[in-house]
Amino acid sequence: MNYVVPLPVLLPLFGCGAALMFSRRPRVQRAITVSVLVAVVAIASMLLVAADRHGPQVAWLGSWPRPLGLALVADRVSALMLLVSAIVTLAVLVYSLAQGGASEDDESTPVSIYHPTFMVLVAGVSNAFLAGDLFNLFVSFEMLLFASYVLLTLGGTESRIRAGTIYVVINMVSSALFLIAIAAVYAATGSLNFAQLSERLGDLPDGVALTLQLLLLTVFAIKAAVFPLSFWLPDSYPTAPAPVTAVFAGLLTKVGVYAILRTQTLLFPDSPLSNLLLWTAFATMLVGILGAVAQSDVKRMLSFTLVSHIGYMILGIALGSAEGLAGATFYVVHHITIQTVLFLVVGLIEYRTGTTSLLRLGGLAKTAPFIAILFFIPAMNLAGIPPLSGYLGKIGLLQAAVADGSTTAYVLVGGAVVTSLLTLYAMAKAWALAFWRSEEQAREMSKALNEAAAEHDEPSLRHITKRAVEKNASEADRVMPTDVALAAAATEEDEEVDDLYDKPLHAREGATPRTLMWPTTALVAFSIALTVVAGPLFGLTERASVDMKARTPYVNAVLGDDR
């Protein structure tokens, strides 16, 4: 089975080349990319079964003697991440093909470069999960950076170019830090192979080991959008087309989380930074969710919840126990799926109405009941409503924190519960405004804001808008009280009021194309399936966490007798 390990990386790269060759034949491009991802899903499934039954699967590349060559390693954790990422990217690809066929907006329609770039992105994600050394992990991040910039700036609009530039600058800084960290690790240990480093880092002076750990944690915290290094994400992701935002939200930050998980367990198992990581998880959860509840745009709200829920994963990693690692791994799988499908549903909303602003949306439960269902299920899952997988993952993490017994861990339990409740509030607010209130209420909200904009020329309309909405609400008693706060928040975002509120509430009449609905529905069904198979899945993550704690299964599989 070892010979299969490189295929999840090689097949997308070959698919990229083939897609470029047929750049003028869109149907052939689509067939190639979909076929490649179906094959990657099948191979990832085989690797997960093999890793669970027979231990880590290792492929040494380049015919170099061990441990000089590059190693690709598929253990339980990496194979599980690989499988879930392949399923998610396949669903997003099918969605993007349907969006291209259904949309008349050239900015949203996939162009000939989209498919090759998407294949590079898939190859980078796969390589990151399978990388057996730090330098190969660095190469994976650079592949992701290249592909991400192209996908972020599709359409070439000003907002996308600006967001893409911020994204690239931040990631170039983190890449430079990563190179410095790699050089320092090699200078201190003479190796970059994870298995060898797990044996050599323990022999270093404490100060040197701590410095290396801080360097790597800083790099991966930027990639994972861990507070306070998460400032770039809410402004970068919402500007991209819906399928691009979905795959970014679902996967790119999780690659950073996986890197933290791998290095913390394999390279720094007895970390003196555990307390720092716990407080970082606490801050990430609370700051992220407070940002989410203040948003008046669904995309920005979901971007902040993405940051917030990274804190749950960091909590499990920081605890360092087998239970914490199992809970973190389970939650990563859950969050990849839920965050992706929520952004796809928002894409459906935007396609149907022409906006994602909660100030203007309304009546979707009546006009688009199936989209309402598709939003409600993952939204409640993200909030942790029982018995869904989000609830089970959070319970696993909270149990691990309680078992830790420290004061800091109990503080984190409180923070996690508050974050979950505020997530529920944010999702309920989005549901109430976009789906539950009537179109008349949304229309009156827009009318009140338009009247305020027409009567005043001040660049900032915050106080004027607030008074206008309050007056409208007192007279007609139709505008929801939360609209006042939302209107005040919206005018702080430096958007032209006329542009924001003069657009029609419904850009397209009729049903949303089924080709857009099918992949979204399939991913919602997959998220429900995670709840159905939660028992076996938790069993798998528990076995994986035991191996991560022991380290010897990974080290022995990679190095064998060559020590």
# chains A, B, ... in the order shown; residues from 1 in each chain; ligands from 1

$ residues_around --residues "segment 75-84 of chain A" --least-positions-apart "5" --cutoff "9 Å" --atoms "only C-alpha atoms" --output "PyMOL selection string"
chain A and resi 8+40-52+55-58+89+125-126+128-130+258+329+332-333+336-337+540-541+543-545+547-548+554

$ residues_around --residues "Val346 of chain A" --least-positions-apart "5" --cutoff "12 Å" --atoms "only C-alpha atoms" --output "PyMOL selection string"
chain A and resi 238+241-243+245-246+297-303+339-341+351-358+361+364+371-372+374-376+378-379+430-431+434+516-517+520

$ closest_residue --among "A:Val413, A:Asn556, A:Ser389, A:Ser438" --to "Phe526 of chain A" --atoms "only C-alpha atoms"
A:Ser389

$ closest_atom_pairs --of "segment 376-441 of chain A" --to "segment 280-291 of chain A" --cutoff "7 Å" --atoms "only C-alpha atoms" --output "Markdown table"
| residue | atom | partner | partner_atom | distance |
| --- | --- | --- | --- | --- |
| A:Leu412 | CA | A:Phe282 | CA | 5.9 |
| A:Gly415 | CA | A:Phe282 | CA | 6.2 |
| A:Thr419 | CA | A:Leu286 | CA | 6.0 |
| A:Leu422 | CA | A:Ile289 | CA | 6.6 |
| A:Thr423 | CA | A:Ile289 | CA | 6.6 |

$ residues_around --residues "Leu121 of chain A" --least-positions-apart "2" --cutoff "6 Å" --atoms "only C-alpha atoms" --output "PyMOL selection string"
chain A and resi 118-119+123-124+144+147

$ write_last_selection --atoms "N, CA and C atoms" --output "PDB file, in the first residue's frame"
ATOM      1  N   PHE A 118      -7.153  25.119  -9.059  1.00  0.00           N
ATOM      2  CA  PHE A 118      -7.836  24.322  -8.043  1.00  0.00           C
ATOM      3  C   PHE A 118      -7.106  22.994  -7.818  1.00  0.00           C
ATOM      4  N   MET A 119      -6.571  22.414  -8.882  1.00  0.00           N
ATOM      5  CA  MET A 119      -5.806  21.178  -8.740  1.00  0.00           C
ATOM      6  C   MET A 119      -4.513  21.397  -7.949  1.00  0.00           C
ATOM      7  N   ALA A 123      -3.494  19.567  -4.467  1.00  0.00           N
ATOM      8  CA  ALA A 123      -2.188  18.927  -4.293  1.00  0.00           C
ATOM      9  C   ALA A 123      -1.467  19.491  -3.072  1.00  0.00           C
ATOM     10  N   GLY A 124      -1.554  20.811  -2.870  1.00  0.00           N
ATOM     11  CA  GLY A 124      -0.910  21.421  -1.717  1.00  0.00           C
ATOM     12  C   GLY A 124      -1.502  20.959  -0.407  1.00  0.00           C
ATOM     13  N   LEU A 144      -0.070  26.245  -1.660  1.00  0.00           N
ATOM     14  CA  LEU A 144      -1.348  26.811  -1.253  1.00  0.00           C
ATOM     15  C   LEU A 144      -1.375  28.320  -1.465  1.00  0.00           C
ATOM     16  N   ALA A 147      -1.791  29.093  -5.285  1.00  0.00           N
ATOM     17  CA  ALA A 147      -3.148  28.809  -5.751  1.00  0.00           C
ATOM     18  C   ALA A 147      -4.167  29.740  -5.109  1.00  0.00           C
TER      19      ALA A 147
END

$ select_by_dssp --residues "segment 208-395 of chain A" --states "helix (DSSP H, G or I)" --output "JSON, numbers by chain"
{"A": [208, 209, 210, 211, 212, 213, 214, 215, 216, 217, 218, 219, 220, 221, 222, 223, 224, 233, 234, 235, 236, 237, 238, 239, 242, 243, 244, 245, 246, 247, 248, 249, 250, 251, 252, 253, 254, 255, 256, 257, 258, 259, 260, 261, 262, 263, 264, 265, 266, 274, 275, 276, 277, 278, 279, 280, 281, 282, 283, 284, 285, 286, 287, 288, 289, 290, 291, 292, 293, 298, 299, 300, 301, 302, 303, 304, 305, 306, 307, 308, 309, 310, 311, 312, 313, 314, 315, 316, 317, 318, 319, 322, 323, 324, 325, 326, 327, 328, 329, 330, 331, 332, 333, 334, 335, 336, 337, 338, 339, 340, 341, 342, 343, 344, 345, 346, 347, 348, 349, 350, 351, 352, 353, 364, 365, 366, 367, 369, 370, 371, 372, 373, 374, 375, 376, 377, 378, 379, 380, 381, 382, 383, 389, 390, 391, 392, 393, 394, 395]}

$ residues_around --residues "Ala534 of chain A" --least-positions-apart "5" --cutoff "10 Å" --atoms "only C-alpha atoms" --output "count of residues only"
9

$ closest_residue --among "A:Thr367, A:Gly132, A:Ile395, A:Val28" --to "Trp436 of chain A" --atoms "only C-alpha atoms"
A:Thr367

$ atom_distance --atom1 "atom CA of Arg443 of chain A" --atom2 "atom CA of Pro369 of chain A"
19.3 Å

$ select_by_dssp --residues "segment 20-183 of chain A" --states "strand (DSSP E)" --output "list in words"
Gln57, Val58, Ala59, Trp60, Leu61, Leu70, Ala71, Leu72, Val73 and Ala74 of chain A

$ write_last_selection --atoms "N, CA, C and O atoms" --output "compact mmCIF listing (two decimals), in the first residue's frame"
# COMPACT_ATOMS: atom_id res chain seq x y z
N GLN A 57 1.40 4.29 6.82
CA GLN A 57 1.90 3.92 5.49
C GLN A 57 2.91 4.98 5.06
O GLN A 57 2.62 6.17 5.08
N VAL A 58 4.11 4.52 4.67
CA VAL A 58 5.21 5.45 4.40
C VAL A 58 5.73 5.23 2.98
O VAL A 58 5.94 4.08 2.56
N ALA A 59 5.95 6.33 2.25
CA ALA A 59 6.58 6.27 0.93
C ALA A 59 7.79 7.19 0.94
O ALA A 59 7.68 8.38 1.24
N TRP A 60 8.97 6.62 0.63
CA TRP A 60 10.20 7.41 0.52
C TRP A 60 10.41 7.75 -0.95
O TRP A 60 10.40 6.87 -1.81
N LEU A 61 10.60 9.03 -1.24
CA LEU A 61 10.68 9.50 -2.63
C LEU A 61 12.12 9.73 -3.05
O LEU A 61 12.98 10.09 -2.24
N LEU A 70 12.77 12.33 0.91
CA LEU A 70 11.51 12.90 1.36
C LEU A 70 10.54 11.78 1.70
O LEU A 70 10.35 10.85 0.90
N ALA A 71 9.92 11.87 2.85
CA ALA A 71 8.97 10.85 3.27
C ALA A 71 7.56 11.42 3.25
O ALA A 71 7.32 12.53 3.73
N LEU A 72 6.63 10.66 2.67
CA LEU A 72 5.21 10.95 2.78
C LEU A 72 4.60 9.90 3.69
O LEU A 72 4.79 8.70 3.47
N VAL A 73 3.90 10.35 4.71
CA VAL A 73 3.42 9.45 5.76
C VAL A 73 1.91 9.60 5.90
O VAL A 73 1.40 10.71 6.10
N ALA A 74 1.19 8.47 5.82
CA ALA A 74 -0.25 8.46 6.03
C ALA A 74 -0.54 7.62 7.27
O ALA A 74 -0.61 6.39 7.20

$ atom_distance --atom1 "atom CA of Leu90 of chain A" --atom2 "atom CA of Val34 of chain A"
6.9 Å

$ closest_residue --among "A:Trp279, A:Gly396, A:Phe268, A:Ser527" --to "Lys549 of chain A" --atoms "only C-alpha atoms"
A:Phe268

$ atom_distance --atom1 "atom CA of Arg160 of chain A" --atom2 "atom CA of Thr239 of chain A"
5.6 Å

$ closest_residue --among "A:Val307, A:Val122, A:Ala195, A:Ile385" --to "Leu559 of chain A" --atoms "only C-alpha atoms"
A:Ala195

$ closest_residue --among "A:Val92, A:Asp133, A:Met427, A:Leu267" --to "Asp203 of chain A" --atoms "only C-alpha atoms"
A:Leu267

$ closest_residue --among "A:Phe14, A:Tyr410, A:Trp64, A:Tyr114" --to "Arg30 of chain A" --atoms "only C-alpha atoms"
A:Tyr114

$ residues_around --residues "Phe178 of chain A" --least-positions-apart "6" --cutoff "9 Å" --atoms "only C-alpha atoms" --output "PyMOL selection string"
chain A and resi 138+215-216+218-220

$ residues_around --residues "Gly164 of chain A" --least-positions-apart "3" --cutoff "8 Å" --atoms "only C-alpha atoms" --output "JSON, numbers by chain"
{"A": [149, 152, 153, 160, 161, 167, 168, 236]}

$ decode --residues "segment 415-448 of chain A" --atoms "N, CA, C and O atoms" --output "PDB file, in the first residue's frame"
ATOM      1  N   GLY A 415     -15.241  29.452  28.957  1.00  0.00           N
ATOM      2  CA  GLY A 415     -15.106  30.181  27.700  1.00  0.00           C
ATOM      3  C   GLY A 415     -15.706  29.425  26.527  1.00  0.00           C
ATOM      4  O   GLY A 415     -16.340  30.029  25.644  1.00  0.00           O
ATOM      5  N   ALA A 416     -15.523  28.104  26.506  1.00  0.00           N
ATOM      6  CA  ALA A 416     -16.069  27.299  25.413  1.00  0.00           C
ATOM      7  C   ALA A 416     -17.589  27.290  25.442  1.00  0.00           C
ATOM      8  O   ALA A 416     -18.245  27.363  24.385  1.00  0.00           O
ATOM      9  N   VAL A 417     -18.180  27.231  26.630  1.00  0.00           N
ATOM     10  CA  VAL A 417     -19.643  27.246  26.747  1.00  0.00           C
ATOM     11  C   VAL A 417     -20.194  28.596  26.303  1.00  0.00           C
ATOM     12  O   VAL A 417     -21.174  28.668  25.552  1.00  0.00           O
ATOM     13  N   VAL A 418     -19.567  29.688  26.755  1.00  0.00           N
ATOM     14  CA  VAL A 418     -20.008  31.027  26.353  1.00  0.00           C
ATOM     15  C   VAL A 418     -19.898  31.189  24.842  1.00  0.00           C
ATOM     16  O   VAL A 418     -20.796  31.738  24.177  1.00  0.00           O
ATOM     17  N   THR A 419     -18.797  30.716  24.273  1.00  0.00           N
ATOM     18  CA  THR A 419     -18.610  30.802  22.822  1.00  0.00           C
ATOM     19  C   THR A 419     -19.698  30.045  22.076  1.00  0.00           C
ATOM     20  O   THR A 419     -20.234  30.517  21.064  1.00  0.00           O
ATOM     21  N   SER A 420     -20.057  28.872  22.582  1.00  0.00           N
ATOM     22  CA  SER A 420     -21.100  28.080  21.941  1.00  0.00           C
ATOM     23  C   SER A 420     -22.445  28.803  22.003  1.00  0.00           C
ATOM     24  O   SER A 420     -23.202  28.836  21.018  1.00  0.00           O
ATOM     25  N   LEU A 421     -22.751  29.421  23.151  1.00  0.00           N
ATOM     26  CA  LEU A 421     -24.010  30.156  23.283  1.00  0.00           C
ATOM     27  C   LEU A 421     -24.042  31.377  22.366  1.00  0.00           C
ATOM     28  O   LEU A 421     -25.074  31.675  21.742  1.00  0.00           O
ATOM     29  N   LEU A 422     -22.923  32.078  22.280  1.00  0.00           N
ATOM     30  CA  LEU A 422     -22.878  33.246  21.392  1.00  0.00           C
ATOM     31  C   LEU A 422     -22.935  32.826  19.922  1.00  0.00           C
ATOM     32  O   LEU A 422     -23.469  33.555  19.078  1.00  0.00           O
ATOM     33  N   THR A 423     -22.378  31.659  19.610  1.00  0.00           N
ATOM     34  CA  THR A 423     -22.512  31.128  18.250  1.00  0.00           C
ATOM     35  C   THR A 423     -23.981  30.869  17.933  1.00  0.00           C
ATOM     36  O   THR A 423     -24.471  31.187  16.843  1.00  0.00           O
ATOM     37  N   LEU A 424     -24.683  30.287  18.905  1.00  0.00           N
ATOM     38  CA  LEU A 424     -26.114  30.058  18.727  1.00  0.00           C
ATOM     39  C   LEU A 424     -26.848  31.376  18.523  1.00  0.00           C
ATOM     40  O   LEU A 424     -27.741  31.483  17.660  1.00  0.00           O
ATOM     41  N   TYR A 425     -26.468  32.399  19.284  1.00  0.00           N
ATOM     42  CA  TYR A 425     -27.091  33.721  19.119  1.00  0.00           C
ATOM     43  C   TYR A 425     -26.831  34.273  17.714  1.00  0.00           C
ATOM     44  O   TYR A 425     -27.742  34.788  17.063  1.00  0.00           O
ATOM     45  N   ALA A 426     -25.597  34.176  17.240  1.00  0.00           N
ATOM     46  CA  ALA A 426     -25.257  34.699  15.911  1.00  0.00           C
ATOM     47  C   ALA A 426     -26.035  33.965  14.822  1.00  0.00           C
ATOM     48  O   ALA A 426     -26.568  34.582  13.890  1.00  0.00           O
ATOM     49  N   MET A 427     -26.112  32.636  14.934  1.00  0.00           N
ATOM     50  CA  MET A 427     -26.840  31.865  13.936  1.00  0.00           C
ATOM     51  C   MET A 427     -28.337  32.158  14.002  1.00  0.00           C
ATOM     52  O   MET A 427     -29.019  32.241  12.973  1.00  0.00           O
ATOM     53  N   ALA A 428     -28.865  32.324  15.236  1.00  0.00           N
ATOM     54  CA  ALA A 428     -30.290  32.630  15.381  1.00  0.00           C
ATOM     55  C   ALA A 428     -30.605  34.011  14.809  1.00  0.00           C
ATOM     56  O   ALA A 428     -31.664  34.219  14.193  1.00  0.00           O
ATOM     57  N   LYS A 429     -29.696  34.963  15.007  1.00  0.00           N
ATOM     58  CA  LYS A 429     -29.903  36.304  14.442  1.00  0.00           C
ATOM     59  C   LYS A 429     -29.931  36.243  12.917  1.00  0.00           C
ATOM     60  O   LYS A 429     -30.804  36.851  12.277  1.00  0.00           O
ATOM     61  N   ALA A 430     -28.979  35.514  12.337  1.00  0.00           N
ATOM     62  CA  ALA A 430     -28.960  35.384  10.882  1.00  0.00           C
ATOM     63  C   ALA A 430     -30.231  34.711  10.386  1.00  0.00           C
ATOM     64  O   ALA A 430     -30.821  35.125   9.367  1.00  0.00           O
ATOM     65  N   TRP A 431     -30.680  33.687  11.103  1.00  0.00           N
ATOM     66  CA  TRP A 431     -31.905  32.989  10.704  1.00  0.00           C
ATOM     67  C   TRP A 431     -33.124  33.914  10.803  1.00  0.00           C
ATOM     68  O   TRP A 431     -33.954  33.977   9.893  1.00  0.00           O
ATOM     69  N   ALA A 432     -33.208  34.649  11.914  1.00  0.00           N
ATOM     70  CA  ALA A 432     -34.370  35.512  12.126  1.00  0.00           C
ATOM     71  C   ALA A 432     -34.449  36.615  11.075  1.00  0.00           C
ATOM     72  O   ALA A 432     -35.540  36.935  10.581  1.00  0.00           O
ATOM     73  N   LEU A 433     -33.324  37.196  10.717  1.00  0.00           N
ATOM     74  CA  LEU A 433     -33.335  38.318   9.784  1.00  0.00           C
ATOM     75  C   LEU A 433     -33.434  37.864   8.331  1.00  0.00           C
ATOM     76  O   LEU A 433     -34.220  38.403   7.547  1.00  0.00           O
ATOM     77  N   ALA A 434     -32.638  36.886   7.951  1.00  0.00           N
ATOM     78  CA  ALA A 434     -32.590  36.494   6.540  1.00  0.00           C
ATOM     79  C   ALA A 434     -33.744  35.583   6.155  1.00  0.00           C
ATOM     80  O   ALA A 434     -34.246  35.656   5.025  1.00  0.00           O
ATOM     81  N   PHE A 435     -34.203  34.754   7.083  1.00  0.00           N
ATOM     82  CA  PHE A 435     -35.185  33.730   6.724  1.00  0.00           C
ATOM     83  C   PHE A 435     -36.561  33.966   7.352  1.00  0.00           C
ATOM     84  O   PHE A 435     -37.580  33.801   6.697  1.00  0.00           O
ATOM     85  N   TRP A 436     -36.580  34.343   8.631  1.00  0.00           N
ATOM     86  CA  TRP A 436     -37.842  34.304   9.362  1.00  0.00           C
ATOM     87  C   TRP A 436     -38.666  35.574   9.205  1.00  0.00           C
ATOM     88  O   TRP A 436     -39.891  35.504   9.123  1.00  0.00           O
ATOM     89  N   ARG A 437     -38.020  36.758   9.227  1.00  0.00           N
ATOM     90  CA  ARG A 437     -38.809  37.970   9.073  1.00  0.00           C
ATOM     91  C   ARG A 437     -39.338  38.051   7.640  1.00  0.00           C
ATOM     92  O   ARG A 437     -38.782  37.462   6.710  1.00  0.00           O
ATOM     93  N   SER A 438     -40.397  38.818   7.489  1.00  0.00           N
ATOM     94  CA  SER A 438     -41.046  38.892   6.182  1.00  0.00           C
ATOM     95  C   SER A 438     -40.272  39.810   5.237  1.00  0.00           C
ATOM     96  O   SER A 438     -39.448  40.619   5.668  1.00  0.00           O
ATOM     97  N   GLU A 439     -40.597  39.696   3.968  1.00  0.00           N
ATOM     98  CA  GLU A 439     -39.999  40.590   2.982  1.00  0.00           C
ATOM     99  C   GLU A 439     -40.416  42.031   3.224  1.00  0.00           C
ATOM    100  O   GLU A 439     -39.660  42.962   2.945  1.00  0.00           O
ATOM    101  N   GLU A 440     -41.613  42.220   3.740  1.00  0.00           N
ATOM    102  CA  GLU A 440     -42.066  43.579   4.027  1.00  0.00           C
ATOM    103  C   GLU A 440     -41.189  44.236   5.090  1.00  0.00           C
ATOM    104  O   GLU A 440     -40.839  45.416   4.978  1.00  0.00           O
ATOM    105  N   GLN A 441     -40.850  43.492   6.134  1.00  0.00           N
ATOM    106  CA  GLN A 441     -39.978  44.042   7.164  1.00  0.00           C
ATOM    107  C   GLN A 441     -38.614  44.406   6.590  1.00  0.00           C
ATOM    108  O   GLN A 441     -38.052  45.460   6.907  1.00  0.00           O
ATOM    109  N   ALA A 442     -38.061  43.528   5.755  1.00  0.00           N
ATOM    110  CA  ALA A 442     -36.770  43.826   5.135  1.00  0.00           C
ATOM    111  C   ALA A 442     -36.879  45.030   4.208  1.00  0.00           C
ATOM    112  O   ALA A 442     -35.983  45.884   4.163  1.00  0.00           O
ATOM    113  N   ARG A 443     -37.989  45.126   3.468  1.00  0.00           N
ATOM    114  CA  ARG A 443     -38.178  46.235   2.541  1.00  0.00           C
ATOM    115  C   ARG A 443     -38.316  47.562   3.298  1.00  0.00           C
ATOM    116  O   ARG A 443     -37.781  48.591   2.879  1.00  0.00           O
ATOM    117  N   GLU A 444     -39.024  47.562   4.406  1.00  0.00           N
ATOM    118  CA  GLU A 444     -39.186  48.779   5.186  1.00  0.00           C
ATOM    119  C   GLU A 444     -37.851  49.200   5.812  1.00  0.00           C
ATOM    120  O   GLU A 444     -37.575  50.392   5.947  1.00  0.00           O
ATOM    121  N   MET A 445     -37.053  48.214   6.153  1.00  0.00           N
ATOM    122  CA  MET A 445     -35.716  48.518   6.677  1.00  0.00           C
ATOM    123  C   MET A 445     -34.903  49.239   5.608  1.00  0.00           C
ATOM    124  O   MET A 445     -34.279  50.287   5.865  1.00  0.00           O
ATOM    125  N   SER A 446     -34.909  48.729   4.396  1.00  0.00           N
ATOM    126  CA  SER A 446     -34.173  49.359   3.308  1.00  0.00           C
ATOM    127  C   SER A 446     -34.731  50.745   2.990  1.00  0.00           C
ATOM    128  O   SER A 446     -33.976  51.679   2.708  1.00  0.00           O
ATOM    129  N   LYS A 447     -36.058  50.864   3.041  1.00  0.00           N
ATOM    130  CA  LYS A 447     -36.679  52.147   2.746  1.00  0.00           C
ATOM    131  C   LYS A 447     -36.247  53.200   3.767  1.00  0.00           C
ATOM    132  O   LYS A 447     -35.934  54.344   3.418  1.00  0.00           O
ATOM    133  N   ALA A 448     -36.229  52.826   5.053  1.00  0.00           N
ATOM    134  CA  ALA A 448     -35.836  53.767   6.093  1.00  0.00           C
ATOM    135  C   ALA A 448     -34.402  54.221   5.897  1.00  0.00           C
ATOM    136  O   ALA A 448     -34.072  55.402   6.034  1.00  0.00           O
TER     137      ALA A 448
END
